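Have a look at entry_38.txt; it's compact mmCIF, C-alpha atoms:
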# COMPACT_ATOMS: atom_id res chain seq x y z
CA MET A 1 0.00 0.00 0.00
CA ALA A 2 1.03 3.55 -0.50
CA GLY A 3 3.38 5.00 1.98
CA SER A 4 5.12 1.73 2.68
CA GLY A 5 7.62 1.94 -0.11
CA ARG A 6 9.24 4.40 -2.39
CA ASP A 7 7.23 7.31 -3.72
CA GLY A 8 6.93 5.71 -7.13
CA GLU A 9 5.51 2.51 -5.69
CA GLY A 10 3.18 4.45 -3.44
CA GLY A 11 2.01 6.57 -6.35
CA ALA A 12 1.37 3.49 -8.45
CA ALA A 13 -0.60 1.90 -5.63
CA ILE A 14 -2.70 5.03 -5.19
CA GLU A 15 -3.29 5.17 -8.94
CA GLN A 16 -4.44 1.56 -8.85
CA VAL A 17 -6.88 2.38 -6.06
CA ARG A 18 -8.05 5.49 -7.90
CA ARG A 19 -8.78 3.44 -11.01
CA ARG A 20 -10.72 0.95 -8.97
CA VAL A 21 -12.75 3.72 -7.35
CA VAL A 22 -13.42 5.37 -10.72
CA GLY A 23 -14.33 1.94 -12.13
CA LEU A 24 -16.96 1.40 -9.45
CA ALA A 25 -18.28 4.91 -9.99
CA VAL A 26 -18.62 4.30 -13.74
CA LYS A 27 -20.61 1.13 -13.01
CA LEU A 28 -23.04 3.20 -10.95
CA VAL A 29 -23.35 6.50 -12.83
CA TRP A 30 -22.20 5.48 -16.33
CA ARG A 31 -20.57 8.82 -17.02
CA ARG A 32 -16.81 9.00 -17.11
CA ASP A 33 -16.59 12.69 -16.16
CA ASP A 34 -19.06 12.34 -13.32
CA ALA A 35 -17.33 9.17 -12.13
CA GLU A 36 -13.97 10.93 -11.96
CA ASP A 37 -15.48 13.86 -10.09
CA LEU A 38 -17.16 11.55 -7.59
CA ALA A 39 -13.98 9.52 -7.12
CA GLN A 40 -12.04 12.70 -6.50
CA GLU A 41 -14.64 13.76 -3.95
CA ALA A 42 -14.29 10.39 -2.20
CA PHE A 43 -10.51 10.87 -1.95
CA ARG A 44 -11.05 14.40 -0.62
CA LEU A 45 -13.46 13.09 2.01
CA ALA A 46 -10.99 10.35 2.95
CA ALA A 47 -8.29 12.94 3.52
CA ALA A 48 -10.68 15.12 5.50
CA ALA A 49 -11.70 12.14 7.64
CA GLY A 50 -8.09 11.18 8.26
CA VAL A 51 -8.39 7.87 6.43
CA SER A 52 -4.92 7.31 5.03
CA PRO A 53 -3.61 4.94 2.36
CA GLY A 54 -1.62 2.98 4.91
CA GLU A 55 -4.74 1.82 6.71
CA GLU A 56 -6.54 -1.44 6.06
CA ARG A 57 -9.87 0.38 5.92
CA PHE A 58 -8.66 2.76 3.19
CA VAL A 59 -9.98 0.90 0.12
CA PRO A 60 -13.28 -0.29 1.67
CA TRP A 61 -13.81 3.24 2.98
CA LEU A 62 -13.26 4.77 -0.44
CA LEU A 63 -15.47 2.22 -2.19
CA ARG A 64 -18.25 2.73 0.36
CA THR A 65 -17.97 6.51 0.08
CA VAL A 66 -17.89 6.64 -3.69
CA GLY A 67 -20.75 4.13 -3.76
CA ASN A 68 -22.86 6.36 -1.56
CA LEU A 69 -21.91 9.45 -3.56
CA CYS A 70 -22.91 7.68 -6.76
CA LEU A 71 -26.22 6.49 -5.35
CA ASN A 72 -27.01 10.06 -4.33
CA HIS A 73 -25.87 11.38 -7.68
CA ARG A 74 -28.59 12.80 -9.86
CA ARG A 75 -29.50 10.23 -12.47
CA ARG A 76 -29.24 11.37 -16.06
CA LYS A 77 -29.86 8.32 -18.14
CA THR A 78 -29.88 10.26 -21.38
CA ARG A 79 -26.21 11.02 -20.90
CA TRP A 80 -25.06 7.51 -20.08
CA VAL A 81 -22.15 6.10 -22.00
CA PRO A 82 -23.62 4.40 -25.09
CA LEU A 83 -22.82 0.72 -24.69
CA GLU A 84 -22.64 -0.05 -28.39
CA TRP A 85 -19.50 2.07 -28.72
CA HIS A 86 -17.71 -0.16 -26.26
CA LEU A 87 -18.85 -3.62 -27.31
CA GLU A 88 -16.19 -5.91 -28.62
CA ARG A 89 -16.38 -6.73 -32.30
CA PRO A 90 -16.09 -10.50 -32.50
CA PRO A 91 -15.14 -11.66 -35.97
CA GLY A 92 -17.93 -13.11 -38.01
CA ARG A 93 -20.70 -11.53 -35.96
CA ALA A 94 -23.27 -9.54 -37.81
CA ALA A 95 -23.96 -5.90 -36.99
CA GLU A 96 -27.50 -6.90 -36.05
CA ASP A 97 -26.15 -9.20 -33.34
CA ARG A 98 -24.09 -6.36 -31.97
CA ALA A 99 -27.06 -3.99 -31.92
CA GLU A 100 -29.21 -6.65 -30.31
CA THR A 101 -26.60 -7.27 -27.62
CA ALA A 102 -26.27 -3.55 -26.97
CA GLU A 103 -30.03 -3.24 -26.65
CA ARG A 104 -30.19 -6.15 -24.21
CA LEU A 105 -27.36 -4.74 -22.11
CA GLU A 106 -29.06 -1.34 -22.07
CA ARG A 107 -32.17 -2.99 -20.63
CA VAL A 108 -30.10 -4.73 -17.96
CA ARG A 109 -28.33 -1.48 -17.12
CA GLU A 110 -31.61 0.37 -16.73
CA ALA A 111 -33.08 -2.42 -14.62
CA VAL A 112 -30.03 -2.34 -12.32
CA ALA A 113 -30.37 1.43 -11.97
CA ALA A 114 -33.99 0.97 -10.90
CA LEU A 115 -33.09 -1.33 -8.00
CA PRO A 116 -33.21 -0.10 -4.39
CA ASP A 117 -29.87 1.46 -3.46
CA ARG A 118 -28.44 -1.28 -1.25
CA GLN A 119 -29.48 -4.05 -3.60
CA ARG A 120 -27.96 -2.14 -6.48
CA LEU A 121 -24.64 -1.51 -4.76
CA ALA A 122 -24.39 -5.09 -3.47
CA LEU A 123 -25.19 -6.51 -6.90
CA VAL A 124 -22.71 -4.27 -8.69
CA LEU A 125 -19.95 -5.13 -6.23
CA ARG A 126 -20.71 -8.85 -6.53
CA THR A 127 -21.35 -9.29 -10.25
CA MET A 128 -19.46 -6.44 -11.92
CA GLU A 129 -16.60 -5.96 -9.46
CA GLN A 130 -16.46 -9.73 -8.78
CA MET A 131 -15.92 -9.11 -5.06
CA SER A 132 -16.45 -11.76 -2.41
CA TYR A 133 -19.42 -11.50 -0.06
CA GLU A 134 -17.02 -10.91 2.80
CA ALA A 135 -15.33 -8.01 1.01
CA ILE A 136 -18.70 -6.52 0.09
CA ALA A 137 -19.79 -6.82 3.71
CA SER A 138 -16.69 -4.84 4.69
CA VAL A 139 -17.42 -2.14 2.12
CA MET A 140 -21.11 -1.83 2.94
CA GLU A 141 -20.66 -2.30 6.68
CA LEU A 142 -23.21 -5.10 6.68
CA SER A 143 -23.14 -8.73 7.74
CA VAL A 144 -22.38 -11.35 5.10
CA PRO A 145 -25.92 -12.81 5.31
CA ALA A 146 -27.34 -9.31 4.80
CA VAL A 147 -25.20 -8.85 1.70
CA ARG A 148 -26.29 -12.25 0.39
CA THR A 149 -29.90 -11.24 0.91
CA HIS A 150 -29.45 -7.97 -1.00
CA VAL A 151 -27.76 -9.75 -3.90
CA HIS A 152 -30.43 -12.46 -3.92
CA LEU A 153 -33.27 -9.92 -3.93
CA ALA A 154 -31.58 -7.89 -6.65
CA ARG A 155 -31.12 -10.92 -8.88
CA ARG A 156 -34.69 -12.06 -8.34
CA ARG A 157 -36.02 -8.59 -9.12
CA LEU A 158 -33.93 -8.33 -12.29
CA ILE A 159 -34.99 -11.76 -13.51
CA GLU A 160 -38.61 -10.77 -13.03
CA LEU A 161 -38.19 -7.33 -14.59
CA LEU A 162 -36.26 -8.54 -17.60
CA GLY A 163 -38.57 -11.53 -18.00
CA GLU A 164 -41.50 -9.14 -18.34
CA ASP A 165 -39.71 -7.31 -21.16
CA GLU A 166 -39.36 -10.44 -23.26
CA MET B 1 -35.54 -35.25 -5.34
CA LEU B 2 -35.63 -31.51 -4.67
CA GLY B 3 -38.80 -29.50 -5.17
CA CYS B 4 -38.95 -26.19 -7.04
CA GLU B 5 -38.75 -24.08 -3.89
CA LYS B 6 -35.64 -25.79 -2.51
CA THR B 7 -34.02 -25.74 -5.93
CA ARG B 8 -34.54 -22.01 -6.37
CA ILE B 9 -33.10 -21.31 -2.93
CA ARG B 10 -29.87 -22.72 -4.31
CA LEU B 11 -29.89 -20.47 -7.35
CA ASP B 12 -27.46 -17.92 -5.87
CA ASP B 13 -24.96 -20.57 -4.77
CA TRP B 14 -25.31 -22.17 -8.20
CA LEU B 15 -24.54 -18.85 -9.91
CA ASP B 16 -21.67 -18.20 -7.53
CA GLY B 17 -20.24 -21.67 -8.18
CA ALA B 18 -20.49 -22.39 -4.49
CA LEU B 19 -22.60 -25.57 -4.57
CA GLU B 20 -21.09 -28.78 -3.25
CA ALA B 21 -21.03 -31.69 -5.66
CA GLU B 22 -23.98 -33.42 -4.03
CA ALA B 23 -26.14 -30.28 -4.01
CA LEU B 24 -25.16 -29.53 -7.58
CA ALA B 25 -26.26 -32.99 -8.63
CA GLU B 26 -29.61 -32.52 -6.90
CA VAL B 27 -30.17 -29.20 -8.66
CA SER B 28 -29.18 -30.69 -11.99
CA ASP B 29 -31.61 -33.57 -11.49
CA HIS B 30 -34.44 -31.16 -10.81
CA LEU B 31 -33.61 -28.92 -13.76
CA ALA B 32 -33.59 -31.95 -16.03
CA PHE B 33 -37.32 -32.41 -15.69
CA CYS B 34 -38.65 -29.00 -14.51
CA ASP B 35 -39.03 -26.63 -17.46
CA GLU B 36 -40.02 -23.68 -15.30
CA CYS B 37 -36.97 -23.89 -13.01
CA ARG B 38 -34.68 -24.62 -15.96
CA ASP B 39 -35.95 -21.50 -17.71
CA ARG B 40 -35.41 -19.45 -14.56
CA PHE B 41 -31.89 -20.74 -14.06
CA GLN B 42 -31.04 -20.09 -17.71
CA ARG B 43 -32.32 -16.53 -17.44
CA ALA B 44 -30.35 -16.05 -14.24
CA LEU B 45 -27.20 -17.33 -15.93
CA ALA B 46 -27.74 -15.04 -18.93
CA LEU B 47 -28.24 -12.13 -16.55
CA GLN B 48 -25.04 -13.05 -14.73
CA ASP B 49 -23.15 -12.99 -18.03
CA ASP B 50 -24.67 -9.65 -19.01
CA LEU B 51 -23.78 -8.09 -15.66
CA ALA B 52 -20.20 -9.30 -15.98
CA ARG B 53 -20.09 -7.89 -19.48
CA LEU B 54 -21.39 -4.53 -18.26
CA GLY B 55 -18.65 -4.60 -15.64
CA SER B 56 -16.01 -5.16 -18.33
CA ILE B 57 -17.39 -2.33 -20.42
CA ALA B 58 -17.38 0.01 -17.41
CA ASP B 59 -13.77 -0.91 -16.66
CA ARG B 60 -12.81 -0.02 -20.22
CA VAL B 61 -14.73 3.26 -20.01
CA ALA B 62 -12.93 4.08 -16.75
CA VAL B 63 -9.48 3.84 -18.32
CA GLU B 64 -10.17 4.69 -21.93
CA ASP B 65 -8.21 7.35 -23.70
CA ARG B 66 -10.76 9.80 -24.99
CA ALA B 67 -8.80 10.21 -28.20
CA SER B 68 -9.27 6.52 -28.92
CA ARG B 69 -13.01 6.51 -28.32
CA PRO B 70 -14.49 4.58 -31.21
CA ARG B 71 -16.05 6.82 -33.81
CA THR B 72 -17.82 5.65 -36.86
CA ILE B 73 -17.50 7.48 -40.16
CA TRP B 74 -21.17 8.35 -39.88
CA ARG B 75 -20.69 9.97 -36.50
CA LEU B 76 -17.65 11.88 -37.70
CA THR B 77 -19.64 13.04 -40.70
CA ARG B 78 -22.47 14.19 -38.49
CA PHE B 79 -19.99 16.01 -36.27
CA ALA B 80 -18.40 17.74 -39.25
CA ALA B 81 -21.81 18.75 -40.60
CA ALA B 82 -22.94 20.09 -37.24
CA ALA B 83 -19.66 21.96 -36.80
CA ALA B 84 -20.05 23.53 -40.24
CA VAL B 85 -23.58 24.69 -39.40
CA VAL B 86 -22.41 26.17 -36.09
CA LEU B 87 -19.51 27.94 -37.79
CA MET B 88 -21.72 29.40 -40.48
CA VAL B 89 -24.32 30.58 -37.98
CA GLY B 90 -21.59 31.95 -35.72
CA ALA B 91 -19.79 33.74 -38.54
CA GLY B 92 -23.04 35.29 -39.72
CA TYR B 93 -23.81 36.44 -36.23
CA LEU B 94 -20.35 37.86 -35.54
CA MET B 95 -20.68 40.12 -38.56
CA THR B 96 -23.96 41.59 -37.32
CA ARG B 97 -23.95 41.28 -33.51
CA PRO B 98 -24.18 44.28 -31.23
CA VAL B 99 -21.18 44.53 -28.87
CA ARG B 100 -22.15 44.83 -25.22
CA THR B 101 -20.08 45.35 -22.14
CA GLY B 102 -20.88 44.02 -18.72
CA VAL B 103 -19.65 43.79 -15.16
CA ALA B 104 -18.13 40.51 -14.16
CA PRO B 105 -19.14 38.84 -10.93
CA GLY B 106 -16.88 39.49 -7.98
CA GLY B 107 -16.37 43.17 -8.77
CA ARG B 108 -13.33 42.60 -10.98
CA GLU B 109 -13.15 43.54 -14.57
CA PRO B 110 -12.73 40.48 -16.72
CA ILE B 111 -10.39 40.65 -19.64
CA ALA B 112 -12.61 38.58 -21.83
CA ALA B 113 -15.74 36.51 -21.82
CA GLY B 114 -17.08 33.96 -24.16
CA ASP B 115 -19.74 31.37 -24.63
CA VAL B 116 -18.90 27.79 -23.86
CA ARG B 117 -21.34 25.48 -25.49
CA ASP B 118 -22.02 21.87 -24.85
CA SER B 119 -18.93 20.59 -26.54
CA GLU B 120 -15.82 18.71 -25.65
CA LEU B 121 -13.12 21.21 -26.56
CA ILE B 122 -13.77 24.79 -27.51
CA PRO B 123 -11.30 27.41 -28.72
CA LEU B 124 -11.68 30.63 -26.75
CA GLY B 125 -9.28 33.26 -27.97
CA ASP B 126 -5.82 31.78 -27.63
CA LEU B 127 -7.08 29.16 -25.23
CA MET B 128 -8.86 25.90 -25.46
CA VAL B 129 -11.68 25.47 -22.98
CA ARG B 130 -12.80 22.00 -22.09
CA ARG B 131 -16.24 21.64 -20.64
CA LEU B 132 -16.28 19.00 -17.90
CA LYS B 133 -19.93 19.15 -16.89
CA SER B 134 -22.80 21.56 -16.92
CA ASP B 135 -21.43 23.88 -14.29
CA ARG B 136 -17.67 23.63 -14.64
CA VAL B 137 -14.99 24.36 -17.17
CA ARG B 138 -11.27 23.69 -17.25
CA LEU B 139 -8.77 25.83 -19.07
CA ILE B 140 -5.94 24.25 -21.00
CA GLY B 141 -2.69 26.12 -21.40
CA ALA B 142 -3.46 28.84 -18.87
CA ASP B 143 -1.29 29.03 -15.78
CA ASP B 144 -2.16 32.49 -14.54
CA CYS B 145 -5.85 32.55 -15.17
CA VAL B 146 -9.12 32.31 -13.30
CA ALA B 147 -12.32 31.23 -14.99
CA VAL B 148 -15.74 31.88 -13.53
CA ASP B 149 -18.68 30.06 -15.03
CA VAL B 150 -21.77 32.26 -15.12
CA ARG B 151 -25.09 30.55 -15.39
CA SER B 152 -27.24 31.80 -18.22
CA SER B 153 -30.94 31.43 -18.78
CA ASN B 154 -30.26 28.99 -21.57
CA PRO B 155 -29.04 25.70 -20.07
CA LYS B 156 -27.05 24.96 -23.21
CA VAL B 157 -25.12 28.22 -23.06
CA HIS B 158 -22.44 28.89 -20.48
CA ILE B 159 -20.70 32.20 -20.20
CA VAL B 160 -17.18 32.05 -18.84
CA TRP B 161 -15.48 35.13 -17.44
CA LEU B 162 -11.71 34.97 -17.62
CA TYR B 163 -9.42 36.91 -15.30
CA GLY B 164 -5.67 37.31 -15.36
CA GLN B 165 -3.38 36.65 -18.28
CA CYS B 166 -5.63 34.27 -20.11
CA LEU B 167 -5.58 36.05 -23.39
CA ASN B 168 -2.49 38.23 -22.93
CA GLN B 169 -4.67 41.31 -23.04
CA PRO B 170 -4.50 44.29 -20.67
CA ALA B 171 -6.67 43.88 -17.61
CA SER B 172 -8.44 47.13 -18.38
CA ALA B 173 -9.84 45.94 -21.66
CA PRO B 174 -13.61 46.10 -21.59
CA PRO B 175 -15.42 42.81 -21.34
CA ALA B 176 -17.36 41.60 -24.26
CA GLU B 177 -20.34 39.43 -23.63
CA PRO B 178 -21.34 37.87 -26.88
CA GLU B 179 -24.98 37.08 -27.32
CA MET B 180 -24.78 34.24 -29.70
CA PRO B 181 -27.92 32.56 -30.91
CA GLU B 182 -28.49 29.00 -29.84
CA PRO B 183 -26.97 26.70 -32.44
CA ARG B 184 -29.22 24.44 -34.42
CA ASP B 185 -27.81 21.32 -32.92
CA THR B 186 -25.82 21.41 -29.71
CA ARG B 187 -26.20 17.78 -28.83
CA ARG B 188 -23.06 15.89 -28.04
CA LEU B 189 -22.00 13.64 -30.82
Output the structure of this file as structure tokens.
Amino acid sequence: MAGSGRDGEGGAAIEQVRRRVVGLAVKLVWRRDDAEDLAQEAFRLAAAAGVSPGEERFVPWLLRTVGNLCLNHRRRKTRWVPLEWHLERPPGRAAEDRAETAERLERVREAVAALPDRQRLALVLRTMEQMSYEAIASVMELSVPAVRTHVHLARRRLIELLGEDE
Amino acid sequence: MLGCEKTRIRLDDWLDGALEAEALAEVSDHLAFCDECRDRFQRALALQDDLARLGSIADRVAVEDRASRPRTIWRLTRFAAAAAVVLMVGAGYLMTRPVRTGVAPGGREPIAAGDVRDSELIPLGDLMVRRLKSDRVRLIGADDCVAVDVRSSNPKVHIVWLYGQCLNQPASAPPAEPEMPEPRDTRRL
């Protein structure tokens, strides 16, 4: 972690954390500029709260803070990053497939955004950040069973919502 | 054999790959003959894949170089066409506009002012102004300069007052507050 080694190593570690924080923010607000602003705000709040990079709670604290900032962030779906721009282009796949995939992913993204806040954050941390239930519990300051419940409810809600669309 | 209810309780562990071999076999046995549960599990698995894919896309967005953002020829063409329209409208206006002066907020005389429209990178005198979000701007290439974003009645128009050495003009120069008409198409491309 930063502060334990040379400045270069510490800077690289901080940059790695910053990218992770921005990555989570993008998954919640889907705007690169907004995500960077919110990540920066989380780092500012960490400094103000005296949470330093050398501490074990540093990363969970930042992820929790940026998660809360994102959930409170005004939602502007019309300005979300268009998914089709960022889809891979597998060889041999028709453009129609790509458009269809983008449309399906847009529906999933909107359905996730419509979830209750805790379910949404728990689901994003579990399925998009690929974090363990224990790590999510640390970030959200919840018990592991509570996190499992939020993820379960979120999945069930999404399956129902997306099933209705079909 | 497991019933539907007990099978569905194991859906999360199944998705997480956390089922023991015996439990996995029980779930598989049930799914083999229960169409409804099989359909639900398949939809859950597809959802899981889509969520992971969204996560990958978000990770790419988080680290992408803006210059390498994929642009199709069509989108570039639309951008060029829109830019041409804006330039023509702007040039026509500049030849006929009335020049007004104004007082900058904060009691200081600004050395220049200009409109910053909803665009990524805008030339403003000798500077380039990058709009970050609706209520902020960042100046590129200006060390000794202060920019104040003034809200206008038109949400798509932002007036930026510049103080200091932004344009290498004397501080006493009167401010000019252009009143440019709203462009035909200010949507981001």
Residues of chain B within 6 Å of chain A, counting only C-alpha atoms, as an MDAnalysis selection string: chainID B and resid 51:52 55 58:59 62
Separation of atom CA of A:Val59 from atom CA of A:Ile14 in Å: 9.9 Å
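Computed from the coordinates, the atom CA of A:Arg107 to atom CA of A:Asn68 distance equals 23.2 Å.
For the atom pair formed by atom CA of A:Ala137 and atom CA of A:Ala122, the distance is 8.7 Å, given to one decimal.
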10 Å contact set for A:Glu134, only C-alpha atoms, chain neighbours under 6 positions out, as a ChimeraX atom specification: /A:140,142-145,147-148
Would you mind putting N, CA and C atoms back on stretch 103-129 of chain A and writing the result as a compact mmCIF listing (two decimals), in the coordinates of the input?
# COMPACT_ATOMS: atom_id res chain seq x y z
N GLU A 103 -28.68 -3.54 -27.12
CA GLU A 103 -30.03 -3.24 -26.65
C GLU A 103 -30.34 -4.04 -25.38
N ARG A 104 -29.94 -5.32 -25.39
CA ARG A 104 -30.19 -6.15 -24.21
C ARG A 104 -29.43 -5.63 -22.99
N LEU A 105 -28.16 -5.26 -23.22
CA LEU A 105 -27.36 -4.74 -22.11
C LEU A 105 -27.91 -3.41 -21.59
N GLU A 106 -28.44 -2.60 -22.50
CA GLU A 106 -29.06 -1.34 -22.07
C GLU A 106 -30.23 -1.62 -21.13
N ARG A 107 -31.02 -2.65 -21.48
CA ARG A 107 -32.17 -2.99 -20.63
C ARG A 107 -31.70 -3.46 -19.25
N VAL A 108 -30.64 -4.25 -19.25
CA VAL A 108 -30.10 -4.73 -17.96
C VAL A 108 -29.59 -3.54 -17.15
N ARG A 109 -28.88 -2.65 -17.82
CA ARG A 109 -28.33 -1.48 -17.12
C ARG A 109 -29.44 -0.63 -16.51
N GLU A 110 -30.49 -0.43 -17.26
CA GLU A 110 -31.61 0.37 -16.73
C GLU A 110 -32.29 -0.35 -15.58
N ALA A 111 -32.43 -1.66 -15.69
CA ALA A 111 -33.08 -2.42 -14.62
C ALA A 111 -32.23 -2.37 -13.35
N VAL A 112 -30.92 -2.44 -13.49
CA VAL A 112 -30.03 -2.34 -12.32
C VAL A 112 -30.19 -0.96 -11.67
N ALA A 113 -30.26 0.06 -12.51
CA ALA A 113 -30.37 1.43 -11.97
C ALA A 113 -31.68 1.63 -11.22
N ALA A 114 -32.68 0.82 -11.54
CA ALA A 114 -33.99 0.97 -10.90
C ALA A 114 -34.08 0.21 -9.58
N LEU A 115 -33.05 -0.55 -9.24
CA LEU A 115 -33.09 -1.33 -8.00
C LEU A 115 -32.98 -0.41 -6.77
N PRO A 116 -33.48 -0.85 -5.63
CA PRO A 116 -33.21 -0.10 -4.39
C PRO A 116 -31.70 0.03 -4.18
N ASP A 117 -31.29 1.12 -3.53
CA ASP A 117 -29.87 1.46 -3.46
C ASP A 117 -28.96 0.34 -2.96
N ARG A 118 -29.33 -0.26 -1.82
CA ARG A 118 -28.44 -1.28 -1.25
C ARG A 118 -28.36 -2.52 -2.13
N GLN A 119 -29.50 -2.90 -2.69
CA GLN A 119 -29.48 -4.05 -3.60
C GLN A 119 -28.60 -3.75 -4.81
N ARG A 120 -28.73 -2.53 -5.30
CA ARG A 120 -27.96 -2.14 -6.48
C ARG A 120 -26.47 -2.17 -6.20
N LEU A 121 -26.07 -1.57 -5.08
CA LEU A 121 -24.64 -1.51 -4.76
C LEU A 121 -24.10 -2.93 -4.51
N ALA A 122 -24.85 -3.73 -3.75
CA ALA A 122 -24.39 -5.09 -3.47
C ALA A 122 -24.26 -5.90 -4.75
N LEU A 123 -25.23 -5.76 -5.64
CA LEU A 123 -25.19 -6.51 -6.90
C LEU A 123 -24.01 -6.08 -7.78
N VAL A 124 -23.81 -4.78 -7.86
CA VAL A 124 -22.71 -4.27 -8.69
C VAL A 124 -21.37 -4.75 -8.14
N LEU A 125 -21.21 -4.68 -6.84
CA LEU A 125 -19.95 -5.13 -6.23
C LEU A 125 -19.74 -6.63 -6.45
N ARG A 126 -20.82 -7.40 -6.38
CA ARG A 126 -20.71 -8.85 -6.53
C ARG A 126 -20.51 -9.26 -8.00
N THR A 127 -21.34 -8.76 -8.87
CA THR A 127 -21.35 -9.29 -10.25
C THR A 127 -20.49 -8.51 -11.23
N MET A 128 -20.29 -7.21 -10.99
CA MET A 128 -19.46 -6.44 -11.92
C MET A 128 -18.06 -6.26 -11.38
N GLU A 129 -17.93 -6.09 -10.06
CA GLU A 129 -16.60 -5.96 -9.46
C GLU A 129 -16.03 -7.32 -9.07
